[in-house]
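Source file start10.cif; content: mmCIF, C-alpha atoms.
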```
data_start
#
loop_
_atom_site.label_atom_id
_atom_site.label_comp_id
_atom_site.auth_asym_id
_atom_site.auth_seq_id
_atom_site.Cartn_x
_atom_site.Cartn_y
_atom_site.Cartn_z
CA MET A 286 50.38 144.98 109.47
CA LYS A 287 51.64 141.50 110.24
CA THR A 288 51.62 139.12 113.16
CA ILE A 289 53.91 140.24 116.01
CA LYS A 290 55.36 138.60 119.08
CA LEU A 291 55.46 140.32 122.47
CA ASP A 292 57.28 138.39 125.17
CA ASP A 293 55.81 134.86 124.94
CA LEU A 294 52.60 135.60 123.04
CA TYR A 295 51.67 136.20 119.41
CA PHE A 296 49.27 138.92 118.29
CA LYS A 297 47.53 139.37 114.95
CA PRO A 298 46.55 142.66 113.23
CA PHE A 299 43.22 143.98 114.50
CA LYS A 300 42.65 147.72 114.06
CA SER A 301 44.79 149.94 111.83
CA ALA A 302 46.09 153.37 112.80
CA GLN A 303 43.58 154.91 110.37
CA GLN A 304 40.62 153.06 111.91
CA ILE A 305 41.69 154.23 115.37
CA ASP A 306 42.15 157.80 114.16
CA ASP A 307 38.67 157.81 112.63
CA ALA A 308 37.12 156.52 115.89
CA VAL A 309 38.94 159.11 118.02
CA THR A 310 37.89 161.91 115.67
CA LYS A 311 34.24 160.87 115.78
CA MET A 312 34.26 160.65 119.59
CA ALA A 313 35.81 164.10 119.92
CA LEU A 314 33.26 165.69 117.58
CA ASP A 315 30.29 163.87 119.15
CA ILE A 316 31.22 164.92 122.68
CA ALA A 317 31.89 168.51 121.58
CA GLU A 318 28.48 168.72 119.95
CA ASP A 319 26.71 167.28 122.99
CA LEU A 320 28.47 169.55 125.53
CA GLY A 321 27.89 172.73 123.57
CA ASP A 322 29.66 175.76 125.09
CA GLU A 323 30.60 173.99 128.30
CA VAL A 324 34.33 173.73 129.04
CA PRO A 325 34.85 170.14 130.20
CA VAL A 326 37.69 168.63 132.17
CA PHE A 327 39.00 165.55 130.36
CA ILE A 328 40.69 163.07 132.66
CA GLY A 329 42.81 160.21 131.38
CA ILE A 330 43.61 157.18 133.50
CA LEU A 331 47.24 156.15 133.25
CA ASN A 332 49.04 154.27 131.95
CA GLY A 333 47.01 152.99 129.04
CA SER A 334 45.08 156.11 128.04
CA PHE A 335 48.01 158.43 127.33
CA MET A 336 47.98 157.95 123.54
CA PHE A 337 44.21 158.13 123.30
CA VAL A 338 43.91 161.27 125.45
CA SER A 339 46.73 163.00 123.59
CA ASP A 340 45.09 162.40 120.20
CA PHE A 341 41.59 163.13 121.52
CA VAL A 342 42.30 166.59 122.94
CA LYS A 343 44.12 167.59 119.74
CA LYS A 344 40.95 166.76 117.81
CA TYR A 345 38.54 168.38 120.31
CA PRO A 346 37.37 171.54 118.52
CA LYS A 347 36.49 173.64 121.58
CA PRO A 348 38.20 174.89 124.76
CA CYS A 349 38.83 172.19 127.35
CA GLU A 350 41.06 171.20 130.25
CA VAL A 351 42.93 167.92 130.53
CA THR A 352 44.67 166.07 133.33
CA PHE A 353 45.74 162.54 134.22
CA ILE A 354 45.16 160.34 137.24
CA LYS A 355 46.68 156.98 138.04
CA LEU A 356 45.33 153.81 139.56
CA ALA A 357 47.55 153.19 142.59
CA SER A 358 47.05 149.43 142.43
CA TYR A 359 48.51 149.26 138.93
CA GLU A 360 51.91 149.05 140.57
CA GLY A 361 52.60 145.32 140.83
CA VAL A 362 48.94 144.30 140.55
CA LYS A 363 47.54 142.70 137.41
CA SER A 364 43.86 142.39 138.28
CA THR A 365 41.46 145.34 138.26
CA GLU A 366 39.65 143.53 141.08
CA ASP A 367 42.37 144.88 143.40
CA ILE A 368 41.95 148.58 142.60
CA GLN A 369 41.95 150.64 145.80
CA ARG A 370 42.41 154.32 145.02
CA LEU A 371 43.24 156.95 142.43
CA ILE A 372 46.14 159.36 142.77
CA GLY A 373 47.04 162.57 140.97
CA LEU A 374 43.76 164.46 141.34
CA THR A 375 44.64 167.92 142.67
CA GLN A 376 42.26 170.50 141.17
CA ASP A 377 38.82 171.54 142.44
CA LEU A 378 36.18 169.98 140.20
CA SER A 379 33.09 171.25 142.01
CA GLY A 380 30.35 172.08 139.54
CA ARG A 381 32.44 170.99 136.55
CA THR A 382 31.60 168.53 133.83
CA VAL A 383 34.18 165.74 133.99
CA VAL A 384 34.76 163.33 131.11
CA ILE A 385 36.76 160.21 131.93
CA LEU A 386 38.72 159.08 128.88
CA GLU A 387 39.53 155.39 129.10
CA ASP A 388 41.54 153.42 126.58
CA ILE A 389 39.46 150.28 127.18
CA ILE A 390 36.57 149.15 129.37
CA ASP A 391 35.99 145.43 129.83
CA SER A 392 34.71 144.16 133.20
CA GLY A 393 34.11 147.72 134.44
CA ASN A 394 35.78 147.19 137.83
CA THR A 395 37.78 150.40 137.45
CA LEU A 396 34.53 152.37 137.25
CA ASN A 397 33.64 151.45 140.83
CA GLU A 398 36.56 153.49 142.11
CA VAL A 399 36.10 156.23 139.52
CA HIS A 400 32.49 156.80 140.56
CA ARG A 401 33.32 156.66 144.26
CA ILE A 402 36.07 159.27 143.97
CA PHE A 403 34.16 161.72 141.80
CA LYS A 404 30.97 161.41 143.84
CA ASN A 405 32.89 163.13 146.64
CA GLU A 406 34.16 165.84 144.27
CA ASN A 407 30.67 167.30 143.75
CA VAL A 408 31.07 167.37 139.99
CA LYS A 409 28.21 168.68 137.85
CA GLN A 410 28.17 165.49 135.78
CA LEU A 411 30.47 162.54 135.23
CA ILE A 412 30.71 161.20 131.69
CA ILE A 413 32.45 157.97 130.77
CA ALA A 414 34.04 157.66 127.32
CA SER A 415 36.14 154.69 126.20
CA LEU A 416 37.94 154.16 122.93
CA PHE A 417 37.49 150.38 123.14
CA PHE A 418 34.55 148.71 124.86
CA LYS A 419 33.86 145.01 125.42
CA PRO A 420 30.08 144.65 125.88
CA GLU A 421 30.33 140.89 126.48
CA ALA A 422 32.72 141.37 129.39
CA TYR A 423 31.04 144.38 131.01
CA LYS A 424 29.48 143.44 134.38
CA LYS A 425 28.51 146.82 135.93
CA ASP A 426 25.46 149.07 135.80
CA PHE A 427 27.37 152.30 135.24
CA LYS A 428 26.44 153.96 131.96
CA ILE A 429 29.08 154.09 129.23
CA HIS A 430 28.18 157.34 127.50
CA TYR A 431 30.54 157.08 124.53
CA SER A 432 32.47 154.19 123.00
CA GLY A 433 34.61 154.44 119.91
CA ILE A 434 34.97 150.79 118.89
CA ASN A 435 33.03 147.89 120.36
CA ILE A 436 35.07 144.68 120.32
CA SER A 437 34.80 141.05 121.39
CA ASN A 438 36.20 139.86 124.70
CA GLU A 439 39.72 139.17 123.38
CA PHE A 440 42.99 140.57 124.72
CA ILE A 441 44.41 143.45 122.67
CA VAL A 442 47.65 145.44 122.69
CA GLY A 443 48.91 148.62 121.06
CA TYR A 444 47.96 152.30 121.11
CA GLY A 445 48.69 152.56 124.83
CA LEU A 446 47.63 149.03 125.76
CA ASP A 447 50.38 146.65 126.80
CA TYR A 448 51.29 143.06 127.52
CA ASN A 449 53.93 142.74 130.23
CA GLY A 450 54.96 146.34 129.59
CA LEU A 451 55.35 145.81 125.82
CA GLY A 452 53.29 147.18 122.95
CA ARG A 453 52.12 150.55 124.27
CA ASP A 454 54.11 152.37 121.58
CA LEU A 455 52.43 150.63 118.64
CA PRO A 456 50.27 152.98 116.53
CA GLU A 457 47.97 150.08 115.62
CA VAL A 458 46.09 147.59 117.78
CA TYR A 459 46.71 143.84 117.72
CA GLN A 460 44.57 140.99 119.04
CA ILE A 461 45.92 137.91 120.77
CA LYS A 462 46.16 134.78 118.65
CA ASN A 463 44.17 132.09 120.37
CA THR A 464 45.33 129.27 118.13
CA LYS A 465 48.54 127.39 118.84
CA HIS A 466 51.72 128.73 117.35
CA MET A 467 52.51 127.09 114.03
CA THR A 468 55.76 126.74 112.15
CA ASN A 469 55.26 127.39 108.43
CA LEU A 470 58.19 127.14 106.06
CA VAL A 471 58.77 127.89 102.40
CA LEU A 472 61.43 125.40 101.31
CA PHE A 473 63.50 126.20 98.24
CA GLY A 474 66.42 124.51 96.59
CA PRO A 475 67.79 124.19 93.06
CA PRO A 476 67.29 120.95 91.11
CA GLY A 477 69.49 118.32 92.70
CA ALA A 478 69.84 120.08 96.07
CA GLY A 479 67.96 117.32 97.91
CA LYS A 480 65.00 119.49 98.82
CA GLY A 481 62.54 116.60 98.65
CA THR A 482 64.68 114.44 100.92
CA GLN A 483 65.01 117.24 103.46
CA ALA A 484 61.28 117.93 103.38
CA GLU A 485 60.63 114.30 104.37
CA PHE A 486 63.01 114.49 107.31
CA LEU A 487 61.72 117.88 108.48
CA LYS A 488 58.06 116.93 108.37
CA GLU A 489 58.78 113.90 110.56
CA LYS A 490 61.05 115.75 112.96
CA TYR A 491 58.71 118.72 113.51
CA ASN A 492 55.40 117.00 112.77
CA LEU A 493 54.72 119.33 109.82
CA VAL A 494 52.56 118.75 106.75
CA HIS A 495 54.48 118.80 103.47
CA ILE A 496 52.52 120.52 100.70
CA SER A 497 54.10 120.08 97.29
CA THR A 498 52.42 122.20 94.63
CA GLY A 499 53.14 119.56 91.99
CA ASP A 500 51.55 116.82 94.08
CA VAL A 501 48.52 119.03 94.81
CA PHE A 502 48.01 119.75 91.10
CA ARG A 503 48.31 116.10 90.15
CA TYR A 504 45.87 115.01 92.88
CA ASN A 505 43.23 117.57 91.91
CA ILE A 506 43.51 116.87 88.19
CA LYS A 507 43.54 113.07 88.62
CA ASN A 508 40.52 113.16 90.94
CA GLU A 509 38.72 115.68 88.74
CA THR A 510 37.95 118.05 91.58
CA ALA A 511 36.37 121.39 90.66
CA LEU A 512 39.72 123.13 91.09
CA GLY A 513 41.53 120.35 89.22
CA THR A 514 39.13 120.62 86.28
CA LEU A 515 39.56 124.39 86.25
CA ALA A 516 43.36 124.10 86.38
CA LYS A 517 43.35 121.51 83.57
CA SER A 518 41.31 123.84 81.35
CA PHE A 519 44.16 126.35 81.46
CA ILE A 520 46.87 123.71 81.08
CA ASP A 521 45.14 122.21 78.03
CA LYS A 522 45.20 125.62 76.37
CA GLY A 523 48.91 125.99 77.09
CA GLN A 524 48.19 128.77 79.60
CA LEU A 525 49.55 129.29 83.09
CA VAL A 526 47.18 128.37 85.88
CA PRO A 527 46.09 131.66 87.55
CA ASP A 528 47.49 132.32 91.01
CA GLU A 529 44.01 132.41 92.56
CA VAL A 530 43.36 128.81 91.42
CA THR A 531 46.65 127.62 92.86
CA ILE A 532 46.14 129.42 96.15
CA ASP A 533 42.62 127.95 96.41
CA MET A 534 44.13 124.48 96.03
CA LEU A 535 46.69 125.21 98.74
CA GLU A 536 44.00 126.59 101.02
CA ALA A 537 42.02 123.38 100.58
CA GLU A 538 45.12 121.39 101.60
CA VAL A 539 45.60 123.61 104.67
CA GLU A 540 41.95 123.11 105.59
CA LYS A 541 42.35 119.33 105.34
CA ASN A 542 45.09 119.56 107.97
CA SER A 543 43.59 122.17 110.29
CA ASP A 544 45.17 120.52 113.34
CA ALA A 545 48.68 120.57 111.89
CA LYS A 546 51.55 122.09 113.83
CA GLY A 547 52.68 123.77 110.64
CA PHE A 548 53.36 123.37 106.93
CA ILE A 549 56.27 123.02 104.52
CA PHE A 550 55.37 124.74 101.24
CA ASP A 551 57.32 123.22 98.36
CA GLY A 552 57.08 124.68 94.85
CA PHE A 553 55.08 127.72 95.89
CA PRO A 554 55.45 130.65 95.88
CA ARG A 555 57.38 131.36 92.68
CA THR A 556 56.71 135.09 92.38
CA SER A 557 56.33 138.00 94.77
CA ALA A 558 52.61 138.14 93.91
CA GLN A 559 52.26 134.49 94.91
CA ALA A 560 54.25 135.13 98.10
CA ASP A 561 51.91 137.98 98.97
CA ALA A 562 48.90 135.73 98.29
CA LEU A 563 50.39 133.05 100.55
CA ASP A 564 50.89 135.64 103.32
CA LYS A 565 47.22 136.61 103.04
CA LEU A 566 46.17 132.95 103.14
CA MET A 567 48.16 132.33 106.31
CA THR A 568 46.78 135.50 107.91
CA LYS A 569 43.27 134.18 107.23
CA LYS A 570 44.30 131.03 109.09
CA ASP A 571 45.54 133.09 112.03
CA SER A 572 49.15 132.25 111.21
CA GLN A 573 52.10 133.36 109.10
CA ILE A 574 55.10 132.15 107.08
CA ASN A 575 57.96 131.95 109.56
CA ALA A 576 60.87 131.43 107.18
CA MET A 577 61.98 130.85 103.62
CA ILE A 578 64.81 128.31 103.76
CA ALA A 579 66.89 128.00 100.59
CA LEU A 580 69.44 125.21 100.12
CA GLU A 581 72.63 126.59 98.58
CA VAL A 582 74.71 124.28 96.36
CA GLU A 583 77.32 125.17 93.72
CA ASP A 584 76.18 124.73 90.12
CA GLU A 585 78.82 122.18 89.18
CA VAL A 586 77.87 119.98 92.12
CA LEU A 587 74.21 120.16 91.06
CA VAL A 588 75.01 119.25 87.46
CA GLU A 589 77.09 116.28 88.59
CA ARG A 590 74.36 115.06 90.96
CA LEU A 591 71.60 115.35 88.37
CA LEU A 592 73.57 113.64 85.61
CA GLU A 593 74.27 110.79 88.01
CA ARG A 594 70.61 110.64 88.98
CA GLY A 595 69.65 110.63 85.31
CA LYS A 596 71.48 107.36 84.77
CA THR A 597 69.11 105.55 87.13
CA SER A 598 65.93 107.67 87.19
CA GLY A 599 65.12 107.56 83.51
CA ARG A 600 64.15 111.24 83.60
CA LYS A 601 65.12 112.93 80.35
CA ASP A 602 65.59 116.32 82.03
CA ASP A 603 68.25 114.74 84.26
CA ALA A 604 70.19 113.33 81.33
CA ASN A 605 70.83 116.49 79.32
CA GLU A 606 73.39 118.90 80.74
CA ASP A 607 72.03 121.91 78.81
CA VAL A 608 68.53 121.25 80.14
CA ILE A 609 69.91 120.89 83.67
CA ARG A 610 71.80 124.18 83.50
CA ASN A 611 68.72 125.96 82.17
CA ARG A 612 66.62 124.58 85.03
CA ILE A 613 69.21 125.88 87.50
CA LYS A 614 69.18 129.27 85.78
CA VAL A 615 65.37 129.46 86.08
CA TYR A 616 65.62 128.54 89.75
CA TYR A 617 68.01 131.42 90.51
CA ALA A 618 65.77 133.88 88.67
CA GLU A 619 62.80 132.83 90.81
CA THR A 620 64.74 132.64 94.05
CA SER A 621 66.25 136.11 93.68
CA ILE A 622 62.76 137.64 93.59
CA LEU A 623 61.62 135.67 96.62
CA LYS A 624 64.88 136.28 98.46
CA ASP A 625 64.18 140.00 98.27
CA PHE A 626 60.54 139.50 99.35
CA TYR A 627 61.35 137.45 102.44
CA SER A 628 64.54 139.35 103.28
CA GLU A 629 62.43 142.49 103.73
CA GLN A 630 60.53 140.54 106.41
CA ASP A 631 63.77 139.15 107.93
CA LYS A 632 62.58 135.66 107.02
CA TYR A 633 65.14 134.54 104.41
CA TYR A 634 67.67 131.89 105.44
CA GLY A 635 70.29 130.44 103.13
CA VAL A 636 71.56 127.03 104.24
CA ASN A 637 74.62 125.16 102.94
CA GLY A 638 73.22 122.20 101.00
CA VAL A 639 76.49 120.31 100.58
CA GLY A 640 77.34 117.43 102.89
CA SER A 641 75.61 114.39 104.30
CA ILE A 642 71.84 114.31 104.55
CA ALA A 643 72.12 114.35 108.35
CA ASP A 644 74.45 117.37 108.33
CA ILE A 645 72.13 119.35 106.07
CA THR A 646 69.11 118.44 108.21
CA GLU A 647 70.99 119.63 111.27
CA ARG A 648 71.75 122.98 109.62
CA ILE A 649 68.13 123.50 108.64
CA SER A 650 66.98 122.43 112.11
CA ALA A 651 69.27 125.05 113.66
CA VAL A 652 67.35 127.69 111.71
CA ILE A 653 63.92 126.31 112.61
CA ASP A 654 64.76 125.94 116.29
CA LYS A 655 65.51 129.67 116.52
CA LEU A 656 62.25 130.81 114.91
#
```

What would you get if you wrote out this structure as C-alpha cells?
Amino acid sequence: MKTIKLDDLYFKPFKSAQQIDDAVTKMALDIAEDLGDEVPVFIGILNGSFMFVSDFVKKYPKPCEVTFIKLASYEGVKSTEDIQRLIGLTQDLSGRTVVILEDIIDSGNTLNEVHRIFKNENVKQLIIASLFFKPEAYKKDFKIHYSGINISNEFIVGYGLDYNGLGRDLPEVYQIKNTKHMTNLVLFGPPGAGKGTQAEFLKEKYNLVHISTGDVFRYNIKNETALGTLAKSFIDKGQLVPDEVTIDMLEAEVEKNSDAKGFIFDGFPRTSAQADALDKLMTKKDSQINAMIALEVEDEVLVERLLERGKTSGRKDDANEDVIRNRIKVYYAETSILKDFYSEQDKYYGVNGVGSIADITERISAVIDKL
C-alpha cells in the first residue's frame, strides 16, 4: 500500500484488506454465536455499506436475510445533520431481530433516524453493528452493540467509503494525510551532468532542502556524532556502511527540517533495497518520494566536461579519462536498477541534461510542476 491521491486530497495507508477481512469475519462469528438459532434480518445502509454487507453475509455461518435501505438526504447533502428519512424498506419486520450493518459510525446522527424508523416497525430487537467506529466523535446515547475496528476521529476512504465519489472500490482503507503536501525528489545524474548545480537552483525555486549523502556523512564523521562514529568504524575497516546507518543519518536530517516543503535526495538511494528503505522512511514521515529525476547526457559530452573541469579543480578523478569512463559505467549500473524500481511506481523521469543551465532547470521544473 502506498499514499494515494483522490481529487484534491492525499491519503495514507491505514488498514489492509487482510485486517478488514479479519474484522468482518470476527463480527460475523460473534453475532452468529450471540443470536443462536434466530434468523436475523441484516440491513445495510447505502451507499457506503455495500462492500461490508456483501462480505459479512458471505461469512455469516447461519441462515439470514439481507436487504438495503438508503438515506434519502445523501442525494446532494454532505452532512449527516440533514438526514430526514430512509427509503427502500418494504418488508414486514414485526417481531424480527434486525441488525443494522453500518460501514462507519462517527457522530451517530444517522442512528437518530434509524431508531425512529424501526421503532414504528415493531421489531423484536434492533442491533447496531459497525465495521468502523470512532468513539471520540460519537455524541449519542444509542448503544453500539458490535464494532469491528475502533479508530481515531480522522477521515478515511476505501472499502465502500468515499471522498467526492472516489475510493469506494478500494479493497483497503486509507486515512487522510493531515500534514501539508510535500515534494520529495531523488535527483540522479552521471558525473559531469551538473546535478549539483541543478540541485541548488531547484532548492531555491521550490524551497526544498537538499540532502547530499556525501555531505551528511562528512558532517557526522567530522562532528563525531554517534552515527558518524559508527559509520567511521565501518569505513576504517574498509567495509561498506550498512544501509540502516545511512538511513538513520538521513532520517536525522529530515527531522532537523520538519517544516520543509520537501527534500532533494542526492546520492541516495543507490540500490533497490535503499530505495525501499527510503520509501519506508518517507511513509513514517507521512509523505512519499514523488519522482526520481535523472539527467541524461551522452558519454562523450560528460568525458569532455570532466576533463575540462579537471584542469581547474585539481581533482585527480577528473583528470584521468579511464577513471572518468569507469565512474560513468558505475553510474549507469546503479541507475538502471533504480530506473526499474521507480518506473514500476510511475515515478521515473529522464530529463535532457544538455544545454544551458537555465534550459535544463526549466525542463526539470516542467516535471516537478506536473507532480

Select from range 522-609 of chain A every residue with an atom at most 12 Å from any atom of range 642-647 of chain A, then for each give the shortest pair of atoms and their distance in Å to one decimal, using only C-alpha atoms, rows by chain and rising number, as JSON lines.
```
{"residue": "A:Ile578", "atom": "CA", "partner": "A:Thr646", "partner_atom": "CA", "distance": 11.6}
{"residue": "A:Ala579", "atom": "CA", "partner": "A:Ile645", "partner_atom": "CA", "distance": 11.5}
{"residue": "A:Leu580", "atom": "CA", "partner": "A:Ile645", "partner_atom": "CA", "distance": 8.8}
{"residue": "A:Glu581", "atom": "CA", "partner": "A:Ile645", "partner_atom": "CA", "distance": 10.4}
{"residue": "A:Val582", "atom": "CA", "partner": "A:Ile645", "partner_atom": "CA", "distance": 11.2}
```

Grab the CA of Val471 in chain A to CA of Glu529 in chain A distance for me, in Å with one decimal place.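 Atom-to-atom, CA of Val471 in chain A and CA of Glu529 in chain A are spaced 18.3 Å apart.
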
What's the 8 Å shell around range 377-387 of chain A, counting only C-alpha atoms, without same-chain residues fewer than 4 positions away, as an mmCIF file with C-alpha atoms, in the frame of the given file?
```cif
data_model
loop_
_atom_site.group_PDB
_atom_site.id
_atom_site.type_symbol
_atom_site.label_atom_id
_atom_site.label_comp_id
_atom_site.auth_asym_id
_atom_site.auth_seq_id
_atom_site.Cartn_x
_atom_site.Cartn_y
_atom_site.Cartn_z
ATOM 1 C CA GLU A 323 30.600 173.990 128.300
ATOM 2 C CA VAL A 324 34.330 173.730 129.040
ATOM 3 C CA PRO A 325 34.850 170.140 130.200
ATOM 4 C CA VAL A 326 37.690 168.630 132.170
ATOM 5 C CA PHE A 327 39.000 165.550 130.360
ATOM 6 C CA ILE A 328 40.690 163.070 132.660
ATOM 7 C CA GLY A 329 42.810 160.210 131.380
ATOM 8 C CA ILE A 330 43.610 157.180 133.500
ATOM 9 C CA GLY A 333 47.010 152.990 129.040
ATOM 10 C CA SER A 334 45.080 156.110 128.040
ATOM 11 C CA PHE A 337 44.210 158.130 123.300
ATOM 12 C CA VAL A 338 43.910 161.270 125.450
ATOM 13 C CA GLU A 406 34.160 165.840 144.270
ATOM 14 C CA ASN A 407 30.670 167.300 143.750
ATOM 15 C CA VAL A 408 31.070 167.370 139.990
ATOM 16 C CA LYS A 409 28.210 168.680 137.850
ATOM 17 C CA GLN A 410 28.170 165.490 135.780
ATOM 18 C CA LEU A 411 30.470 162.540 135.230
ATOM 19 C CA ILE A 412 30.710 161.200 131.690
ATOM 20 C CA ILE A 413 32.450 157.970 130.770
ATOM 21 C CA ALA A 414 34.040 157.660 127.320
ATOM 22 C CA SER A 415 36.140 154.690 126.200
ATOM 23 C CA LEU A 416 37.940 154.160 122.930
#
```

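Going from CA of Phe417 in chain A over to CA of Asp388 in chain A, you cover 6.1 Å.
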
Residue members of the PyMOL selection byres ((chain A and resi 562) around 12) in the file shown, as a PyMOL selection string: chain A and resi 527-533+535-536+553-561+563-569+573-574

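Our summary of the geometry notes that CA of Gly635 in chain A is positioned 17.5 Å from CA of Thr468 in chain A.
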